[in-house]
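Raw contents of target02.tsv, TSV, C-alpha atoms:
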```
chain	number	residue	atom	x	y	z
X	770	MET	CA	-38.60	29.00	-52.01
X	771	PHE	CA	-36.82	26.00	-50.56
X	772	SER	CA	-35.35	23.52	-52.95
X	773	SER	CA	-34.72	19.91	-52.18
X	774	LYS	CA	-32.23	17.84	-54.06
X	775	ILE	CA	-33.83	14.58	-52.95
X	776	LYS	CA	-37.25	14.00	-54.33
X	777	PRO	CA	-39.72	12.54	-51.87
X	778	HIS	CA	-40.77	9.67	-54.17
X	779	GLU	CA	-37.31	8.48	-55.17
X	780	PRO	CA	-35.79	5.78	-53.01
X	781	GLU	CA	-32.45	6.56	-51.45
X	782	ALA	CA	-29.43	4.52	-52.40
X	783	PRO	CA	-29.23	1.40	-50.17
X	784	THR	CA	-26.48	1.42	-47.57
X	785	ALA	CA	-24.66	-1.64	-46.38
X	786	PRO	CA	-25.13	-2.70	-42.77
X	787	PRO	CA	-22.16	-1.71	-40.53
X	788	PHE	CA	-20.97	-5.29	-40.09
X	789	GLU	CA	-20.47	-5.66	-43.85
X	790	SER	CA	-18.46	-2.47	-44.15
X	791	PRO	CA	-14.86	-2.96	-45.31
X	792	VAL	CA	-13.67	-0.87	-42.37
X	793	HIS	CA	-15.20	-3.29	-39.88
X	794	ALA	CA	-13.77	-6.27	-41.70
X	795	THR	CA	-10.30	-4.76	-41.30
X	796	ILE	CA	-10.75	-4.07	-37.57
X	797	ALA	CA	-12.27	-7.44	-36.65
X	798	PRO	CA	-9.02	-9.48	-36.84
X	799	LEU	CA	-7.28	-6.95	-34.54
X	800	ALA	CA	-9.95	-7.45	-31.87
X	801	GLU	CA	-9.08	-11.13	-31.44
X	802	PRO	CA	-7.18	-11.86	-28.23
X	803	ARG	CA	-3.52	-12.48	-28.75
X	804	PRO	CA	-1.59	-14.70	-26.38
X	805	SER	CA	0.88	-12.75	-24.32
X	806	PRO	CA	4.40	-14.16	-23.91
X	807	SER	CA	4.32	-13.41	-20.16
X	808	PRO	CA	0.80	-13.06	-18.76
X	809	ILE	CA	0.29	-10.41	-16.10
X	810	PRO	CA	-1.65	-11.78	-13.12
X	811	ALA	CA	-4.87	-9.94	-12.33
X	812	ALA	CA	-4.78	-7.87	-9.15
X	813	LYS	CA	-6.47	-9.72	-6.31
X	814	PRO	CA	-9.13	-7.78	-4.43
X	815	LYS	CA	-8.15	-6.93	-0.88
X	816	PRO	CA	-9.88	-9.27	1.56
X	817	ALA	CA	-12.13	-7.87	4.26
X	818	ALA	CA	-10.66	-7.29	7.73
X	819	SER	CA	-10.83	-10.21	10.14
X	820	VAL	CA	-12.91	-9.40	13.21
X	821	LEU	CA	-12.28	-10.98	16.60
X	822	SER	CA	-15.58	-10.49	18.41
X	823	SER	CA	-16.03	-9.21	21.95
X	824	ASP	CA	-16.77	-12.68	23.38
X	825	LEU	CA	-13.45	-14.08	22.08
X	826	THR	CA	-10.30	-14.46	24.17
X	827	ILE	CA	-7.04	-15.49	22.51
X	828	GLN	CA	-4.00	-16.62	24.47
X	829	GLY	CA	-1.15	-16.66	21.98
X	830	ASN	CA	0.29	-14.66	19.13
X	831	VAL	CA	-1.75	-13.46	16.17
X	832	LEU	CA	-0.04	-13.12	12.78
X	833	THR	CA	-1.67	-11.98	9.55
X	834	SER	CA	-0.62	-10.13	6.41
X	835	GLY	CA	-4.10	-8.62	6.22
X	836	ASP	CA	-6.21	-6.30	8.33
X	837	ILE	CA	-7.63	-7.24	11.70
X	838	GLN	CA	-10.14	-5.65	14.07
X	839	ILE	CA	-10.12	-6.78	17.67
X	840	GLU	CA	-13.14	-6.39	19.92
X	841	GLY	CA	-12.25	-9.15	22.43
X	842	ILE	CA	-9.12	-9.97	24.47
X	843	VAL	CA	-5.73	-10.97	23.06
X	844	GLU	CA	-2.94	-12.04	25.41
X	845	GLY	CA	0.03	-12.25	23.06
X	846	ASP	CA	1.81	-10.37	20.32
X	847	ILE	CA	-0.04	-9.19	17.21
X	848	ARG	CA	1.46	-8.58	13.78
X	849	ALA	CA	-0.81	-7.34	10.97
X	850	HIS	CA	-1.01	-4.93	8.07
X	851	THR	CA	-3.69	-2.78	9.71
X	852	LEU	CA	-4.88	-3.26	13.29
X	853	VAL	CA	-7.93	-1.66	14.85
X	854	VAL	CA	-8.34	-2.19	18.60
X	855	GLY	CA	-12.03	-1.66	19.34
X	856	GLU	CA	-13.45	0.12	22.40
X	857	THR	CA	-14.26	-3.17	24.15
X	858	ALA	CA	-10.88	-4.76	23.27
X	859	THR	CA	-7.85	-5.45	25.45
X	860	VAL	CA	-4.45	-6.38	24.02
X	861	LYS	CA	-1.66	-7.53	26.33
X	862	GLY	CA	1.48	-7.87	24.24
X	863	GLU	CA	3.49	-6.20	21.51
X	864	VAL	CA	1.64	-4.79	18.51
X	865	ILE	CA	3.37	-4.43	15.12
X	866	ALA	CA	1.43	-3.10	12.12
X	867	GLU	CA	1.76	-0.58	9.34
X	868	GLU	CA	-1.33	1.21	10.65
X	869	VAL	CA	-2.58	0.97	14.22
X	870	VAL	CA	-5.79	2.58	15.49
X	871	VAL	CA	-6.52	2.18	19.19
X	872	HIS	CA	-9.96	2.79	20.66
X	873	GLY	CA	-9.62	0.27	23.52
X	874	ARG	CA	-6.83	-0.86	25.85
X	875	VAL	CA	-3.27	-1.89	24.93
X	876	ALA	CA	-0.71	-2.99	27.53
X	877	GLY	CA	2.56	-3.45	25.68
X	878	ARG	CA	4.81	-1.94	23.06
X	879	LEU	CA	3.17	-0.46	19.97
X	880	ARG	CA	5.13	-0.27	16.68
X	881	GLY	CA	3.61	1.16	13.53
X	882	LEU	CA	4.14	3.45	10.56
X	883	LYS	CA	0.89	5.28	11.42
X	884	VAL	CA	-0.35	5.14	15.00
X	885	ARG	CA	-3.56	6.80	16.20
X	886	LEU	CA	-4.87	6.83	19.75
X	887	SER	CA	-8.51	7.88	19.84
X	888	THR	CA	-10.30	9.62	22.70
X	889	SER	CA	-11.26	6.31	24.31
X	890	ALA	CA	-7.76	4.75	24.01
X	891	ARG	CA	-5.92	3.46	27.09
X	892	CYS	CA	-2.27	2.61	26.32
X	893	GLU	CA	0.44	1.49	28.71
X	894	GLY	CA	3.75	0.95	26.95
X	895	ASP	CA	6.19	2.50	24.56
X	896	ILE	CA	5.19	3.63	21.07
X	897	VAL	CA	7.64	3.52	18.15
X	898	HIS	CA	6.15	5.22	15.10
X	899	LYS	CA	6.75	7.12	11.89
X	900	THR	CA	3.64	9.29	12.33
X	901	ILE	CA	1.43	9.52	15.40
X	902	ALA	CA	-1.85	11.16	16.37
X	903	ILE	CA	-3.09	11.26	19.95
X	904	GLU	CA	-6.60	12.63	20.35
X	905	SER	CA	-7.65	14.70	23.32
X	906	GLY	CA	-8.84	12.46	26.14
X	907	ALA	CA	-6.64	9.47	25.28
X	908	HIS	CA	-4.79	7.94	28.24
X	909	PHE	CA	-1.15	7.10	27.54
X	910	GLU	CA	1.67	6.01	29.85
X	911	GLY	CA	5.02	5.31	28.23
X	912	SER	CA	7.50	6.85	25.86
X	913	VAL	CA	7.04	7.92	22.26
X	914	GLN	CA	9.85	7.55	19.78
X	915	ARG	CA	9.84	8.48	16.09
X	916	HIS	CA	11.63	6.07	13.76
X	917	ASP	CA	11.81	5.88	9.95
X	918	ASP	CA	11.35	2.09	10.04
X	919	PRO	CA	9.36	1.32	13.21
X	920	ILE	CA	8.09	-2.09	12.11
X	921	GLY	CA	11.54	-3.43	11.31
X	922	LYS	CA	11.41	-3.94	7.55
X	923	GLY	CA	15.09	-3.07	7.41
X	924	LYS	CA	18.02	-4.48	9.39
X	925	GLU	CA	16.95	-2.94	12.71
X	926	SER	CA	13.97	-4.44	14.52
X	927	GLY	CA	12.30	-1.12	15.20
X	928	ARG	CA	14.83	0.27	17.65
X	929	ALA	CA	16.53	3.53	16.81
X	930	SER	CA	20.17	2.95	15.97
X	931	GLY	CA	22.30	3.04	19.07
X	932	ALA	CA	19.33	2.77	21.42
X	933	SER	CA	18.93	-0.24	23.66
X	934	THR	CA	17.15	-1.02	26.87
X	935	PRO	CA	18.80	-2.71	29.86
X	936	ALA	CA	16.61	-5.79	29.32
X	937	MET	CA	17.80	-6.08	25.74
X	938	THR	CA	21.45	-5.69	26.75
X	939	ALA	CA	21.15	-8.34	29.47
X	940	ALA	CA	19.46	-10.81	27.10
X	941	GLU	CA	22.04	-10.42	24.32
```
Target format structure tokens, applied to this file:
Amino acid sequence: MFSSKIKPHEPEAPTAPPFESPVHATIAPLAEPRPSPSPIPAAKPKPAASVLSSDLTIQGNVLTSGDIQIEGIVEGDIRAHTLVVGETATVKGEVIAEEVVVHGRVAGRLRGLKVRLSTSARCEGDIVHKTIAIESGAHFEGSVQRHDDPIGKGKESGRASGASTPAMTAAE
């Protein structure tokens, strides 16, 4: 009823292993690495955030191009890419970062593209921002001003054009 073209006792024709196939021999030279005239540097992994622990007090400015989380006390200005002020932290000075998240206390001017004051935040000072979020329960005393370039990447240093404070005018 069923017919089979291959007889069970006849050996099948031998096949060449894949590595001896002419197709593989043609592809193998293409797999060799070719030197590039201008090598593209590999992307560096983003380093972990630096953490200033709760038993640490810094008197002076803090400057980093990376992320920083503060749990202790900083008496000075802070400039970072991302800044997280922990619940036990106190910052007395100006804060400039692309992203600022405050859970603790900040006494000074805050400048950031994205600023978020959590429920436990206590801020005393002006905030210059591009976007801001203030959670219910946060304590804030100061003014809030929206600016397209709050961290001063352009010509202005974060002030809105035409705006100046009396202290700035007297110092100039």
For CA of Leu879 (chain X) and CA of Phe909 (chain X), determine how far apart the two atoms are, in Å to one decimal place.
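Those two atoms sit 11.5 Å apart.
Comparing the minimum interatomic distances between Val913 (chain X) and each of X:Ile842, X:Leu852, X:Ala812, X:Ile896, counting all atoms listed in the file, we find that X:Ile896 sits nearest.
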Could you please determine the separation between CA of Leu825 (chain X) and CA of Ala858 (chain X) in Å, to one decimal place?
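Separation of CA of Leu825 (chain X) and CA of Ala858 (chain X): 9.7 Å.
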Please measure the separation of CA of Leu832 (chain X) and CA of Asp846 (chain X), giving the value in Å to one decimal.
8.2 Å
For Ala817 (chain X), the nearest of the candidates X:Val831, X:Ala876, X:Ile837, X:Ile903, counting all atoms listed in the file
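Ranking X:Val831, X:Ala876, X:Ile837, X:Ile903 by distance to Ala817 (chain X), first place goes to X:Ile837.
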When you count all atoms listed in the file, which of these residues is closest to Gly855 (chain X): X:Ile827, X:Val884, X:Leu821, X:Ile920?
X:Leu821
Point out the residue among X:Glu863, X:Glu856, X:Asp918, X:Glu868 with the least atom-to-atom distance to Arg891 (chain X), counting all atoms listed in the file.
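Looking at the shortest contact to Arg891 (chain X), the residue is X:Glu856.
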For Glu893 (chain X), which residue out of X:Thr851, X:Gln838, X:Ser823, X:Thr859 is the nearest one, using only C-alpha atoms?
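Checking each candidate against Glu893 (chain X), we get X:Thr859 as the closest.
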Excluding Asp836 (chain X) and its own-chain neighbours fewer than 6 positions away, which residues fall within 10 Å of it when counting all atoms listed in the file? Please give them as a PyMOL selection string.
chain X and resi 815-820+848-853+866-868
Could you take the residues named above and write them with C-alpha atoms, as a PDB file, keeping the file's coordinate frame?
```pdb
ATOM      1  CA  LYS X 815      -8.150  -6.930  -0.880  1.00  0.00           C
ATOM      2  CA  PRO X 816      -9.880  -9.270   1.560  1.00  0.00           C
ATOM      3  CA  ALA X 817     -12.130  -7.870   4.260  1.00  0.00           C
ATOM      4  CA  ALA X 818     -10.660  -7.290   7.730  1.00  0.00           C
ATOM      5  CA  SER X 819     -10.830 -10.210  10.140  1.00  0.00           C
ATOM      6  CA  VAL X 820     -12.910  -9.400  13.210  1.00  0.00           C
ATOM      7  CA  ARG X 848       1.460  -8.580  13.780  1.00  0.00           C
ATOM      8  CA  ALA X 849      -0.810  -7.340  10.970  1.00  0.00           C
ATOM      9  CA  HIS X 850      -1.010  -4.930   8.070  1.00  0.00           C
ATOM     10  CA  THR X 851      -3.690  -2.780   9.710  1.00  0.00           C
ATOM     11  CA  LEU X 852      -4.880  -3.260  13.290  1.00  0.00           C
ATOM     12  CA  VAL X 853      -7.930  -1.660  14.850  1.00  0.00           C
ATOM     13  CA  ALA X 866       1.430  -3.100  12.120  1.00  0.00           C
ATOM     14  CA  GLU X 867       1.760  -0.580   9.340  1.00  0.00           C
ATOM     15  CA  GLU X 868      -1.330   1.210  10.650  1.00  0.00           C
TER      16      GLU X 868
END
```
Any idea what's packed within 12 Å of Thr826 (chain X), counting only C-alpha atoms, ignoring anything in its chain fewer than 2 positions away? Could you give it as a list of chain:residue names?
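Neighbouring residues, sequence-local ones excluded: X:Leu821, X:Ser822, X:Ser823, X:Asp824, X:Gln828, X:Gly829, X:Asn830, X:Val831, X:Ile839, X:Glu840, X:Gly841, X:Ile842, X:Val843, X:Glu844, X:Gly845, X:Thr857, X:Ala858, X:Thr859, X:Val860, X:Lys861.
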